[in-house]
$ cat run21.pdb   # PDB, C-alpha atoms and all ligand atoms
ATOM      1  CA  MET A   1     -52.842  -1.793   7.305
ATOM      2  CA  GLY A   2     -50.219  -3.899   5.590
ATOM      3  CA  TYR A   3     -50.096  -6.277   2.686
ATOM      4  CA  VAL A   4     -50.466 -10.026   2.458
ATOM      5  CA  ASP A   5     -49.625 -12.969   0.209
ATOM      6  CA  LEU A   6     -52.094 -15.838   0.292
ATOM      7  CA  HIS A   7     -50.493 -18.351  -2.061
ATOM      8  CA  LEU A   8     -47.045 -19.652  -1.119
ATOM      9  CA  HIS A   9     -45.065 -22.880  -1.254
ATOM     10  CA  THR A  10     -42.400 -24.270   1.077
ATOM     11  CA  THR A  11     -40.017 -27.220   1.096
ATOM     12  CA  ALA A  12     -42.927 -29.337   2.350
ATOM     13  CA  SER A  13     -43.990 -29.351  -1.323
ATOM     14  CA  ASP A  14     -41.951 -27.795  -4.109
ATOM     15  CA  GLY A  15     -40.885 -24.467  -2.651
ATOM     16  CA  VAL A  16     -37.290 -23.667  -1.844
ATOM     17  CA  LYS A  17     -37.624 -22.074   1.600
ATOM     18  CA  SER A  18     -38.482 -24.078   4.686
ATOM     19  CA  PRO A  19     -41.717 -22.999   6.383
ATOM     20  CA  SER A  20     -39.859 -21.082   9.099
ATOM     21  CA  ASP A  21     -37.538 -19.419   6.572
ATOM     22  CA  LEU A  22     -40.522 -18.411   4.480
ATOM     23  CA  VAL A  23     -42.301 -16.884   7.469
ATOM     24  CA  ARG A  24     -39.230 -14.919   8.528
ATOM     25  CA  TYR A  25     -38.641 -13.834   4.943
ATOM     26  CA  ALA A  26     -42.230 -12.587   4.611
ATOM     27  CA  LYS A  27     -41.793 -10.499   7.733
ATOM     28  CA  THR A  28     -38.490  -9.092   6.481
ATOM     29  CA  ARG A  29     -40.187  -8.115   3.238
ATOM     30  CA  GLY A  30     -42.674  -6.057   5.237
ATOM     31  CA  LEU A  31     -45.773  -8.202   4.824
ATOM     32  CA  GLN A  32     -48.442  -8.367   7.518
ATOM     33  CA  ALA A  33     -49.677 -11.928   6.991
ATOM     34  CA  ILE A  34     -49.195 -14.918   4.706
ATOM     35  CA  ALA A  35     -50.904 -18.200   3.964
ATOM     36  CA  ILE A  36     -48.876 -21.352   3.414
ATOM     37  CA  THR A  37     -50.523 -23.319   0.601
ATOM     38  CA  ASP A  38     -48.397 -26.317  -0.260
ATOM     39  CA  HIS A  39     -49.556 -28.806  -2.894
ATOM     40  CA  ASP A  40     -51.455 -31.733  -1.408
ATOM     41  CA  THR A  41     -49.711 -31.535   1.972
ATOM     42  CA  ILE A  42     -50.090 -29.985   5.408
ATOM     43  CA  GLU A  43     -46.624 -31.005   6.549
ATOM     44  CA  GLY A  44     -45.269 -27.455   6.558
ATOM     45  CA  LEU A  45     -48.085 -25.848   8.536
ATOM     46  CA  LYS A  46     -47.018 -26.601  12.083
ATOM     47  CA  GLU A  47     -43.491 -25.300  11.613
ATOM     48  CA  GLY A  48     -44.767 -22.190   9.813
ATOM     49  CA  PHE A  49     -47.351 -21.475  12.487
ATOM     50  CA  GLU A  50     -44.852 -21.912  15.313
ATOM     51  CA  GLU A  51     -42.350 -19.604  13.653
ATOM     52  CA  GLY A  52     -45.140 -17.054  13.238
ATOM     53  CA  GLU A  53     -45.958 -17.240  16.947
ATOM     54  CA  LYS A  54     -42.297 -16.805  17.780
ATOM     55  CA  ILE A  55     -41.827 -13.652  15.730
ATOM     56  CA  SER A  56     -45.403 -12.309  16.084
ATOM     57  CA  PHE A  57     -46.360 -12.764  12.469
ATOM     58  CA  GLU A  58     -49.729 -14.037  11.248
ATOM     59  CA  VAL A  59     -49.580 -17.326   9.339
ATOM     60  CA  ILE A  60     -52.781 -18.743   7.891
ATOM     61  CA  PRO A  61     -52.904 -22.507   7.441
ATOM     62  CA  GLY A  62     -53.754 -23.453   3.886
ATOM     63  CA  ILE A  63     -53.441 -26.071   1.195
ATOM     64  CA  GLU A  64     -53.572 -26.305  -2.597
ATOM     65  CA  ILE A  65     -55.264 -29.387  -4.022
ATOM     66  CA  SER A  66     -55.051 -30.398  -7.681
ATOM     67  CA  ALA A  67     -58.456 -31.535  -8.919
ATOM     68  CA  GLU A  68     -59.544 -33.491 -11.965
ATOM     69  CA  HIS A  69     -60.207 -31.165 -14.865
ATOM     70  CA  SER A  70     -59.511 -30.763 -18.525
ATOM     71  CA  PRO A  71     -58.275 -29.336 -20.801
ATOM     72  CA  GLY A  72     -56.257 -27.187 -18.371
ATOM     73  CA  SER A  73     -55.605 -27.684 -14.692
ATOM     74  CA  MET A  74     -57.728 -26.937 -11.652
ATOM     75  CA  HIS A  75     -56.227 -26.098  -8.286
ATOM     76  CA  LEU A  76     -58.341 -25.510  -5.207
ATOM     77  CA  LEU A  77     -57.008 -23.583  -2.246
ATOM     78  CA  GLY A  78     -58.288 -24.239   1.265
ATOM     79  CA  TYR A  79     -57.769 -21.525   3.888
ATOM     80  CA  PHE A  80     -57.906 -21.990   7.646
ATOM     81  CA  ILE A  81     -58.086 -25.749   7.269
ATOM     82  CA  ASP A  82     -57.926 -27.840  10.397
ATOM     83  CA  SER A  83     -54.858 -29.913   9.625
ATOM     84  CA  SER A  84     -55.718 -32.502  12.251
ATOM     85  CA  HIS A  85     -59.021 -33.435  10.618
ATOM     86  CA  PRO A  86     -59.130 -37.208  10.005
ATOM     87  CA  LEU A  87     -60.867 -37.057   6.617
ATOM     88  CA  LEU A  88     -58.405 -34.468   5.331
ATOM     89  CA  LYS A  89     -55.461 -36.522   6.576
ATOM     90  CA  HIS A  90     -56.844 -39.640   4.963
ATOM     91  CA  ARG A  91     -57.365 -37.940   1.607
ATOM     92  CA  LEU A  92     -53.877 -36.447   1.673
ATOM     93  CA  GLU A  93     -52.297 -39.820   2.428
ATOM     94  CA  TYR A  94     -54.008 -41.114  -0.677
ATOM     95  CA  LEU A  95     -52.505 -38.302  -2.743
ATOM     96  CA  GLN A  96     -49.043 -39.043  -1.356
ATOM     97  CA  LYS A  97     -49.415 -42.631  -2.520
ATOM     98  CA  ALA A  98     -50.462 -41.449  -5.962
ATOM     99  CA  ARG A  99     -47.306 -39.330  -6.195
ATOM    100  CA  ALA A 100     -45.132 -42.182  -5.006
ATOM    101  CA  GLU A 101     -46.478 -44.274  -7.889
ATOM    102  CA  ARG A 102     -46.108 -41.537 -10.453
ATOM    103  CA  ASN A 103     -42.592 -40.319  -9.793
ATOM    104  CA  PRO A 104     -40.645 -43.471 -10.753
ATOM    105  CA  LYS A 105     -42.714 -43.653 -13.952
ATOM    106  CA  MET A 106     -41.535 -40.170 -14.898
ATOM    107  CA  VAL A 107     -37.937 -41.202 -14.273
ATOM    108  CA  GLU A 108     -38.464 -44.218 -16.559
ATOM    109  CA  LYS A 109     -39.924 -42.036 -19.300
ATOM    110  CA  LEU A 110     -37.022 -39.620 -19.049
ATOM    111  CA  ASN A 111     -34.535 -42.492 -19.192
ATOM    112  CA  ARG A 112     -36.206 -43.820 -22.322
ATOM    113  CA  LEU A 113     -35.864 -40.361 -23.837
ATOM    114  CA  GLY A 114     -32.132 -40.586 -23.272
ATOM    115  CA  VAL A 115     -32.093 -38.452 -20.145
ATOM    116  CA  ASN A 116     -29.931 -40.131 -17.547
ATOM    117  CA  ILE A 117     -31.336 -39.257 -14.185
ATOM    118  CA  THR A 118     -32.186 -41.445 -11.223
ATOM    119  CA  TYR A 119     -35.043 -41.345  -8.760
ATOM    120  CA  GLU A 120     -32.484 -40.875  -5.976
ATOM    121  CA  GLU A 121     -31.365 -37.614  -7.579
ATOM    122  CA  VAL A 122     -34.940 -36.375  -7.705
ATOM    123  CA  LEU A 123     -35.506 -37.388  -4.082
ATOM    124  CA  GLU A 124     -32.399 -35.519  -3.108
ATOM    125  CA  ALA A 125     -33.632 -32.394  -4.890
ATOM    126  CA  SER A 126     -36.900 -32.602  -2.964
ATOM    127  CA  GLY A 127     -35.190 -32.685   0.426
ATOM    128  CA  LYS A 128     -37.532 -33.861   3.148
ATOM    129  CA  GLY A 129     -40.701 -32.729   1.422
ATOM    130  CA  GLN A 130     -42.880 -34.396  -1.177
ATOM    131  CA  VAL A 131     -41.632 -34.863  -4.721
ATOM    132  CA  GLY A 132     -43.097 -32.776  -7.521
ATOM    133  CA  ARG A 133     -42.226 -31.956 -11.094
ATOM    134  CA  PRO A 134     -40.233 -28.846 -10.108
ATOM    135  CA  HIS A 135     -37.730 -31.217  -8.481
ATOM    136  CA  PHE A 136     -37.387 -33.082 -11.759
ATOM    137  CA  ALA A 137     -36.814 -29.700 -13.402
ATOM    138  CA  GLN A 138     -34.056 -28.897 -10.905
ATOM    139  CA  VAL A 139     -32.264 -32.168 -11.681
ATOM    140  CA  LEU A 140     -32.618 -31.626 -15.439
ATOM    141  CA  MET A 141     -31.104 -28.172 -15.047
ATOM    142  CA  GLY A 142     -28.359 -29.395 -12.741
ATOM    143  CA  LYS A 143     -27.348 -32.055 -15.249
ATOM    144  CA  LYS A 144     -27.487 -29.546 -18.111
ATOM    145  CA  TYR A 145     -30.232 -31.304 -20.037
ATOM    146  CA  VAL A 146     -32.042 -27.985 -20.123
ATOM    147  CA  LYS A 147     -30.973 -24.389 -19.648
ATOM    148  CA  SER A 148     -33.930 -23.222 -17.613
ATOM    149  CA  PHE A 149     -36.730 -24.363 -15.367
ATOM    150  CA  GLN A 150     -39.248 -23.400 -18.032
ATOM    151  CA  GLU A 151     -37.398 -25.366 -20.708
ATOM    152  CA  ALA A 152     -37.591 -28.454 -18.484
ATOM    153  CA  PHE A 153     -41.370 -28.109 -18.372
ATOM    154  CA  ASP A 154     -41.797 -27.213 -22.020
ATOM    155  CA  ARG A 155     -39.616 -30.025 -23.341
ATOM    156  CA  TYR A 156     -40.319 -32.777 -20.844
ATOM    157  CA  LEU A 157     -42.594 -32.169 -17.897
ATOM    158  CA  LYS A 158     -45.675 -30.164 -18.755
ATOM    159  CA  LYS A 159     -49.034 -31.841 -19.324
ATOM    160  CA  GLY A 160     -48.792 -33.532 -22.720
ATOM    161  CA  ALA A 161     -44.980 -33.380 -22.867
ATOM    162  CA  PRO A 162     -43.055 -36.661 -23.435
ATOM    163  CA  ALA A 163     -42.067 -37.350 -19.813
ATOM    164  CA  TYR A 164     -45.373 -36.305 -18.261
ATOM    165  CA  VAL A 165     -47.272 -38.866 -16.252
ATOM    166  CA  ASP A 166     -50.698 -37.993 -14.946
ATOM    167  CA  LYS A 167     -51.371 -38.560 -11.291
ATOM    168  CA  MET A 168     -54.583 -39.496  -9.595
ATOM    169  CA  ARG A 169     -56.632 -36.496  -8.598
ATOM    170  CA  PHE A 170     -59.912 -36.089  -6.783
ATOM    171  CA  ALA A 171     -62.936 -34.778  -8.616
ATOM    172  CA  PRO A 172     -63.553 -31.121  -7.758
ATOM    173  CA  GLY A 173     -66.637 -32.002  -5.715
ATOM    174  CA  GLU A 174     -64.686 -34.505  -3.650
ATOM    175  CA  ALA A 175     -61.833 -32.048  -3.012
ATOM    176  CA  LEU A 176     -64.320 -29.320  -2.069
ATOM    177  CA  HIS A 177     -66.040 -31.758   0.263
ATOM    178  CA  PHE A 178     -62.980 -32.638   2.273
ATOM    179  CA  ILE A 179     -61.737 -29.033   2.364
ATOM    180  CA  ASN A 180     -65.098 -27.989   3.790
ATOM    181  CA  GLU A 181     -65.206 -30.922   6.204
ATOM    182  CA  ALA A 182     -61.844 -29.771   7.557
ATOM    183  CA  LYS A 183     -63.345 -26.272   8.054
ATOM    184  CA  GLY A 184     -61.377 -24.841   5.163
ATOM    185  CA  ILE A 185     -62.596 -21.978   2.989
ATOM    186  CA  ALA A 186     -62.342 -23.314  -0.554
ATOM    187  CA  VAL A 187     -61.080 -20.931  -3.219
ATOM    188  CA  LEU A 188     -60.609 -21.559  -6.952
ATOM    189  CA  ALA A 189     -56.913 -20.884  -7.646
ATOM    190  CA  HIS A 190     -55.597 -19.031 -10.727
ATOM    191  CA  PRO A 191     -58.651 -19.577 -12.975
ATOM    192  CA  ASN A 192     -56.568 -18.742 -16.043
ATOM    193  CA  THR A 193     -54.981 -22.217 -15.910
ATOM    194  CA  LEU A 194     -58.342 -23.950 -16.387
ATOM    195  CA  GLY A 195     -58.029 -23.670 -20.145
ATOM    196  CA  LEU A 196     -61.597 -22.455 -20.549
ATOM    197  CA  ASN A 197     -62.988 -20.412 -23.408
ATOM    198  CA  GLY A 198     -64.436 -17.137 -22.267
ATOM    199  CA  TYR A 199     -66.689 -15.879 -19.534
ATOM    200  CA  SER A 200     -69.612 -18.214 -19.919
ATOM    201  CA  GLU A 201     -67.569 -21.425 -19.630
ATOM    202  CA  LEU A 202     -65.996 -20.149 -16.426
ATOM    203  CA  GLU A 203     -69.370 -19.000 -15.159
ATOM    204  CA  ASP A 204     -70.852 -22.463 -15.753
ATOM    205  CA  LEU A 205     -67.972 -24.095 -13.923
ATOM    206  CA  ILE A 206     -68.300 -21.710 -10.994
ATOM    207  CA  LEU A 207     -72.027 -22.372 -10.759
ATOM    208  CA  GLN A 208     -71.270 -26.069 -10.486
ATOM    209  CA  LEU A 209     -68.452 -25.583  -7.943
ATOM    210  CA  LEU A 210     -70.635 -23.281  -5.848
ATOM    211  CA  LYS A 211     -73.097 -26.136  -5.375
ATOM    212  CA  GLU A 212     -70.191 -28.290  -4.239
ATOM    213  CA  GLY A 213     -68.797 -25.918  -1.619
ATOM    214  CA  LEU A 214     -66.675 -23.273  -3.363
ATOM    215  CA  ARG A 215     -66.481 -19.995  -1.401
ATOM    216  CA  GLY A 216     -63.955 -17.848  -3.189
ATOM    217  CA  ILE A 217     -61.887 -17.088  -6.251
ATOM    218  CA  GLU A 218     -58.223 -16.144  -6.578
ATOM    219  CA  VAL A 219     -58.587 -12.896  -8.487
ATOM    220  CA  PHE A 220     -55.060 -11.524  -8.056
ATOM    221  CA  TYR A 221     -52.239 -13.638  -9.419
ATOM    222  CA  PRO A 222     -49.062 -12.735 -11.311
ATOM    223  CA  GLU A 223     -50.169 -14.436 -14.532
ATOM    224  CA  HIS A 224     -53.585 -12.746 -14.611
ATOM    225  CA  SER A 225     -53.990  -9.964 -17.168
ATOM    226  CA  PRO A 226     -55.992  -6.842 -16.292
ATOM    227  CA  ALA A 227     -58.831  -8.317 -18.379
ATOM    228  CA  ASP A 228     -58.679 -11.595 -16.422
ATOM    229  CA  ILE A 229     -58.781  -9.695 -13.151
ATOM    230  CA  ALA A 230     -61.783  -7.678 -14.259
ATOM    231  CA  GLN A 231     -63.594 -10.846 -15.296
ATOM    232  CA  TYR A 232     -62.860 -12.708 -12.051
ATOM    233  CA  LYS A 233     -63.855  -9.687  -9.972
ATOM    234  CA  GLY A 234     -67.125  -9.536 -11.850
ATOM    235  CA  LEU A 235     -67.813 -13.210 -11.161
ATOM    236  CA  ALA A 236     -66.893 -12.787  -7.488
ATOM    237  CA  GLU A 237     -69.324  -9.927  -7.105
ATOM    238  CA  ARG A 238     -72.064 -11.660  -9.009
ATOM    239  CA  TYR A 239     -71.880 -14.897  -7.044
ATOM    240  CA  GLY A 240     -70.822 -13.625  -3.629
ATOM    241  CA  LEU A 241     -67.387 -15.207  -3.748
ATOM    242  CA  VAL A 242     -64.615 -13.940  -1.524
ATOM    243  CA  MET A 243     -61.691 -12.503  -3.541
ATOM    244  CA  THR A 244     -58.171 -13.619  -2.724
ATOM    245  CA  GLY A 245     -54.751 -13.267  -4.264
ATOM    246  CA  GLY A 246     -51.203 -14.433  -3.981
ATOM    247  CA  THR A 247     -47.966 -14.753  -5.872
ATOM    248  CA  ASP A 248     -47.505 -18.550  -5.853
ATOM    249  CA  TYR A 249     -43.928 -17.834  -4.836
ATOM    250  CA  HIS A 250     -41.824 -21.015  -4.783
ATOM    251  CA  GLY A 251     -38.444 -19.326  -4.643
ATOM    252  CA  ILE A 252     -36.907 -20.803  -7.761
ATOM    253  CA  GLU A 253     -38.585 -21.009 -11.027
ATOM    254  CA  LYS A 254     -40.224 -17.830 -12.147
ATOM    255  CA  ASN A 255     -37.620 -15.246 -12.865
ATOM    256  CA  GLY A 256     -38.163 -12.025 -11.046
ATOM    257  CA  LEU A 257     -41.140 -13.236  -9.046
ATOM    258  CA  GLU A 258     -41.059 -11.991  -5.479
ATOM    259  CA  ILE A 259     -43.128 -12.733  -2.408
ATOM    260  CA  GLY A 260     -45.888 -10.196  -1.789
ATOM    261  CA  VAL A 261     -45.369  -8.209  -4.969
ATOM    262  CA  GLY A 262     -45.147 -10.749  -7.807
ATOM    263  CA  ARG A 263     -43.335  -8.992 -10.608
ATOM    264  CA  GLY A 264     -43.936  -5.661  -8.974
ATOM    265  CA  GLU A 265     -47.609  -5.211  -9.726
ATOM    266  CA  MET A 266     -49.263  -6.873  -6.745
ATOM    267  CA  ARG A 267     -50.389  -5.206  -3.523
ATOM    268  CA  LEU A 268     -52.854  -7.333  -1.625
ATOM    269  CA  PRO A 269     -54.383  -5.540   1.335
ATOM    270  CA  TYR A 270     -54.914  -7.168   4.717
ATOM    271  CA  SER A 271     -58.683  -6.746   4.193
ATOM    272  CA  MET A 272     -58.415  -9.900   2.074
ATOM    273  CA  VAL A 273     -57.645 -11.861   5.228
ATOM    274  CA  GLU A 274     -60.535 -10.137   6.986
ATOM    275  CA  GLY A 275     -62.767 -11.215   4.117
ATOM    276  CA  LEU A 276     -61.797 -14.837   4.715
ATOM    277  CA  LYS A 277     -62.244 -14.493   8.461
ATOM    278  CA  ALA A 278     -65.700 -13.017   7.987
ATOM    279  CA  ILE A 279     -66.843 -16.097   6.067
ATOM    280  CA  ARG A 280     -65.170 -18.372   8.546
ATOM    281  CA  SER A 281     -67.248 -17.063  11.402
ATOM    282  CA  GLN A 282     -70.503 -17.454   9.459
TER     283      GLN A 282
HETATM  284  P1  LIG B   1     -46.768 -31.445  -9.648
HETATM  285  O1  LIG B   1     -47.236 -31.175  -8.248
HETATM  286  O2  LIG B   1     -45.683 -32.470  -9.701
HETATM  287  O3  LIG B   1     -47.877 -31.714 -10.610
HETATM  288  O4  LIG B   1     -46.064 -30.059 -10.097
HETATM  289  C1  LIG B   1     -46.830 -28.892 -10.101
HETATM  290  C2  LIG B   1     -45.924 -27.680 -10.135
HETATM  291  O5  LIG B   1     -45.151 -27.698 -11.304
HETATM  292  C3  LIG B   1     -46.679 -26.364 -10.181
HETATM  293  O6  LIG B   1     -46.938 -25.865  -8.928
HETATM  294  C4  LIG B   1     -45.704 -25.445 -10.876
HETATM  295  O7  LIG B   1     -44.755 -24.977  -9.935
HETATM  296  C5  LIG B   1     -44.995 -26.372 -11.820
HETATM  297  N1  LIG B   1     -45.563 -26.364 -13.185
HETATM  298  C6  LIG B   1     -46.605 -27.094 -13.647
HETATM  299  N2  LIG B   1     -46.810 -26.883 -14.958
HETATM  300  C7  LIG B   1     -45.864 -25.994 -15.343
HETATM  301  C8  LIG B   1     -45.543 -25.365 -16.590
HETATM  302  N3  LIG B   1     -46.220 -25.602 -17.723
HETATM  303  N4  LIG B   1     -44.506 -24.485 -16.593
HETATM  304  C9  LIG B   1     -43.802 -24.239 -15.460
HETATM  305  N5  LIG B   1     -44.057 -24.797 -14.276
HETATM  306  C10 LIG B   1     -45.071 -25.659 -14.194
HETATM  307 ZN    ZN B   2     -45.712 -25.793  -6.908
HETATM  308 FE    FE B   3     -51.445 -23.885  -8.462
HETATM  309 FE    FE B   4     -49.345 -22.919  -6.029
END

$ encode --input "run21.pdb" --output "structure tokens"
Amino acid sequence: MGYVDLHLHTTASDGVKSPSDLVRYAKTRGLQAIAITDHDTIEGLKEGFEEGEKISFEVIPGIEISAEHSPGSMHLLGYFIDSSHPLLKHRLEYLQKARAERNPKMVEKLNRLGVNITYEEVLEASGKGQVGRPHFAQVLMGKKYVKSFQEAFDRYLKKGAPAYVDKMRFAPGEALHFINEAKGIAVLAHPNTLGLNGYSELEDLILQLLKEGLRGIEVFYPEHSPADIAQYKGLAERYGLVMTGGTDYHGIEKNGLEIGVGRGEMRLPYSMVEGLKAIRSQ
């Protein structure tokens, strides 16, 4: 049995590899299966799936939706979603519009801060896919306003930073609803970004999300400490949540992060995919 990576981005959102390149790369790296989980878009799934068929490599269709939450950020993964589902498509179109409104505002804010970049430059950095903050970071690096991807976020782009503009998000219940409607298995991504204080706050949130259609929790993630992992495993066992994991590989930003292995510590067995499939057939 091989290893898997269930959290990956492509050029359809803010990753660097095209879906077919990513699929081939995953196979070269010796993985057995991957899930493509681009932010708010399904545009990379068809190409990824077709490449998988071509080279006999399993590609699971997925998505990562940003939901309304504070003080941190909440991302919900949806595995095995039916990308042709009308409600899903409709909701995603709405999110595309929200991004299209937000991006020029971030350019304006940057300009007012004395950073001379244009929207065209950001669009160019994003290629054919949707625009996200990592593309702003690329432009800021390219034009030497910052030395690193992380500096771009810390100085300008992260939530609360001077060039940050919030974008419209769905409430968690709404996002869980349309993921479930599209036959997706909804999983709470990297719970350590939620900004919660301790076990009981996370437990309360999970209890709420469970009522709204949550089925799993991303236990294994490069930024999770051993204590985090133990806590999330405990919650998964207690509430019957499927455990998943992935590296969130985008191909650019996080130094030393590699598909399948993270910074060397991750080994996610294929049984994780079987766990998802078992729920799917329920
Ligand atoms: P967006 O979709 O435009 O909100 O951008 C989200 C992406 O930006 C995430 O997937 C990360 O790749 C990146 N990102 C968000 N916050 C940070 C941060 N504080 N530091 C580094 N990267 C970040
Ligand atoms: Zn991303
Ligand atoms: Fe995420
Ligand atoms: Fe991600």

$ residues_near_point --input "run21.pdb" --point "(-63.0, -36.9, -3.3)" --cutoff "12 Å" --atoms "only C-alpha atoms" --output "list in words"
Ile65, Ser66, Ala67, Glu68, Leu87, Leu88, His90, Arg91, Leu92, Tyr94, Leu95, Met168, Arg169, Phe170, Ala171, Pro172, Gly173, Glu174, Ala175, Leu176, His177, Phe178, Ile179, Asn180, Glu181 and Glu212 of chain A

$ write_last_selection --input "run21.pdb" --atoms "C-alpha atoms" --output "mmCIF file, keeping the file's coordinate frame"
data_model
loop_
_atom_site.group_PDB
_atom_site.id
_atom_site.type_symbol
_atom_site.label_atom_id
_atom_site.label_comp_id
_atom_site.auth_asym_id
_atom_site.auth_seq_id
_atom_site.Cartn_x
_atom_site.Cartn_y
_atom_site.Cartn_z
ATOM 1 C CA ILE A 65 -55.264 -29.387 -4.022
ATOM 2 C CA SER A 66 -55.051 -30.398 -7.681
ATOM 3 C CA ALA A 67 -58.456 -31.535 -8.919
ATOM 4 C CA GLU A 68 -59.544 -33.491 -11.965
ATOM 5 C CA LEU A 87 -60.867 -37.057 6.617
ATOM 6 C CA LEU A 88 -58.405 -34.468 5.331
ATOM 7 C CA HIS A 90 -56.844 -39.640 4.963
ATOM 8 C CA ARG A 91 -57.365 -37.940 1.607
ATOM 9 C CA LEU A 92 -53.877 -36.447 1.673
ATOM 10 C CA TYR A 94 -54.008 -41.114 -0.677
ATOM 11 C CA LEU A 95 -52.505 -38.302 -2.743
ATOM 12 C CA MET A 168 -54.583 -39.496 -9.595
ATOM 13 C CA ARG A 169 -56.632 -36.496 -8.598
ATOM 14 C CA PHE A 170 -59.912 -36.089 -6.783
ATOM 15 C CA ALA A 171 -62.936 -34.778 -8.616
ATOM 16 C CA PRO A 172 -63.553 -31.121 -7.758
ATOM 17 C CA GLY A 173 -66.637 -32.002 -5.715
ATOM 18 C CA GLU A 174 -64.686 -34.505 -3.650
ATOM 19 C CA ALA A 175 -61.833 -32.048 -3.012
ATOM 20 C CA LEU A 176 -64.320 -29.320 -2.069
ATOM 21 C CA HIS A 177 -66.040 -31.758 0.263
ATOM 22 C CA PHE A 178 -62.980 -32.638 2.273
ATOM 23 C CA ILE A 179 -61.737 -29.033 2.364
ATOM 24 C CA ASN A 180 -65.098 -27.989 3.790
ATOM 25 C CA GLU A 181 -65.206 -30.922 6.204
ATOM 26 C CA GLU A 212 -70.191 -28.290 -4.239
#

$ residues_around --input "run21.pdb" --residues "region 130-146 of chain A" --least-positions-apart "6" --cutoff "6 Å" --atoms "only C-alpha atoms" --output "list of chain:residue names"
A:Ser13, A:Val122, A:Ala152

$ resolve_selection --input "run21.pdb" --expression "the PyMOL selection byres (((chain A and resi 71-82) around 7) and not hetatm)" --output "list of chain:residue names"
A:Ile60, A:Pro61, A:Gly62, A:Ile63, A:Glu64, A:Ile65, A:Ser66, A:Ala67, A:Glu68, A:His69, A:Ser70, A:Ser83, A:Ser84, A:His85, A:Ile179, A:Ala182, A:Lys183, A:Gly184, A:Ile185, A:Ala186, A:Val187, A:Leu188, A:Ala189, A:Thr193, A:Leu194, A:Gly195

$ residues_around --input "run21.pdb" --residues "Ala26 (chain A)" --least-positions-apart "5" --cutoff "10 Å" --atoms "all atoms listed in the file" --output "list in words"
Val4, Asp5, Ser20, Asp21, Leu31, Gln32, Ala33, Ile34, Phe57, Val59, Ile259 and Gly260 of chain A

$ closest_residue --input "run21.pdb" --among "A:Ile206, A:Met243, A:Leu157, A:Leu6" --to "ligand LIG 1 (chain B)" --atoms "only C-alpha atoms and all ligand atoms"
A:Leu157

$ build_atoms --input "run21.pdb" --residues "region 199-210 of chain A" --atoms "N, CA and C atoms" --output "CSV table (one decimal), keeping the file's coordinate frame"
chain,number,residue,atom,x,y,z
A,199,TYR,N,-66.0,-16.1,-20.8
A,199,TYR,CA,-66.7,-15.9,-19.5
A,199,TYR,C,-67.7,-17.0,-19.2
A,200,SER,N,-68.5,-17.4,-20.2
A,200,SER,CA,-69.6,-18.2,-19.9
A,200,SER,C,-69.2,-19.6,-19.5
A,201,GLU,N,-68.1,-20.1,-20.1
A,201,GLU,CA,-67.6,-21.4,-19.6
A,201,GLU,C,-67.1,-21.4,-18.2
A,202,LEU,N,-66.4,-20.3,-17.8
A,202,LEU,CA,-66.0,-20.1,-16.4
A,202,LEU,C,-67.2,-20.0,-15.5
A,203,GLU,N,-68.2,-19.2,-16.0
A,203,GLU,CA,-69.4,-19.0,-15.2
A,203,GLU,C,-70.1,-20.3,-14.9
A,204,ASP,N,-70.2,-21.2,-15.9
A,204,ASP,CA,-70.9,-22.5,-15.8
A,204,ASP,C,-70.1,-23.3,-14.7
A,205,LEU,N,-68.8,-23.3,-14.9
A,205,LEU,CA,-68.0,-24.1,-13.9
A,205,LEU,C,-68.2,-23.6,-12.5
A,206,ILE,N,-68.1,-22.3,-12.3
A,206,ILE,CA,-68.3,-21.7,-11.0
A,206,ILE,C,-69.7,-22.0,-10.4
A,207,LEU,N,-70.7,-22.0,-11.2
A,207,LEU,CA,-72.0,-22.4,-10.8
A,207,LEU,C,-72.1,-23.8,-10.2
A,208,GLN,N,-71.4,-24.7,-10.9
A,208,GLN,CA,-71.3,-26.1,-10.5
A,208,GLN,C,-70.5,-26.2,-9.2
A,209,LEU,N,-69.3,-25.5,-9.1
A,209,LEU,CA,-68.5,-25.6,-7.9
A,209,LEU,C,-69.1,-25.0,-6.7
A,210,LEU,N,-69.9,-23.9,-7.0
A,210,LEU,CA,-70.6,-23.3,-5.8
A,210,LEU,C,-71.6,-24.3,-5.1
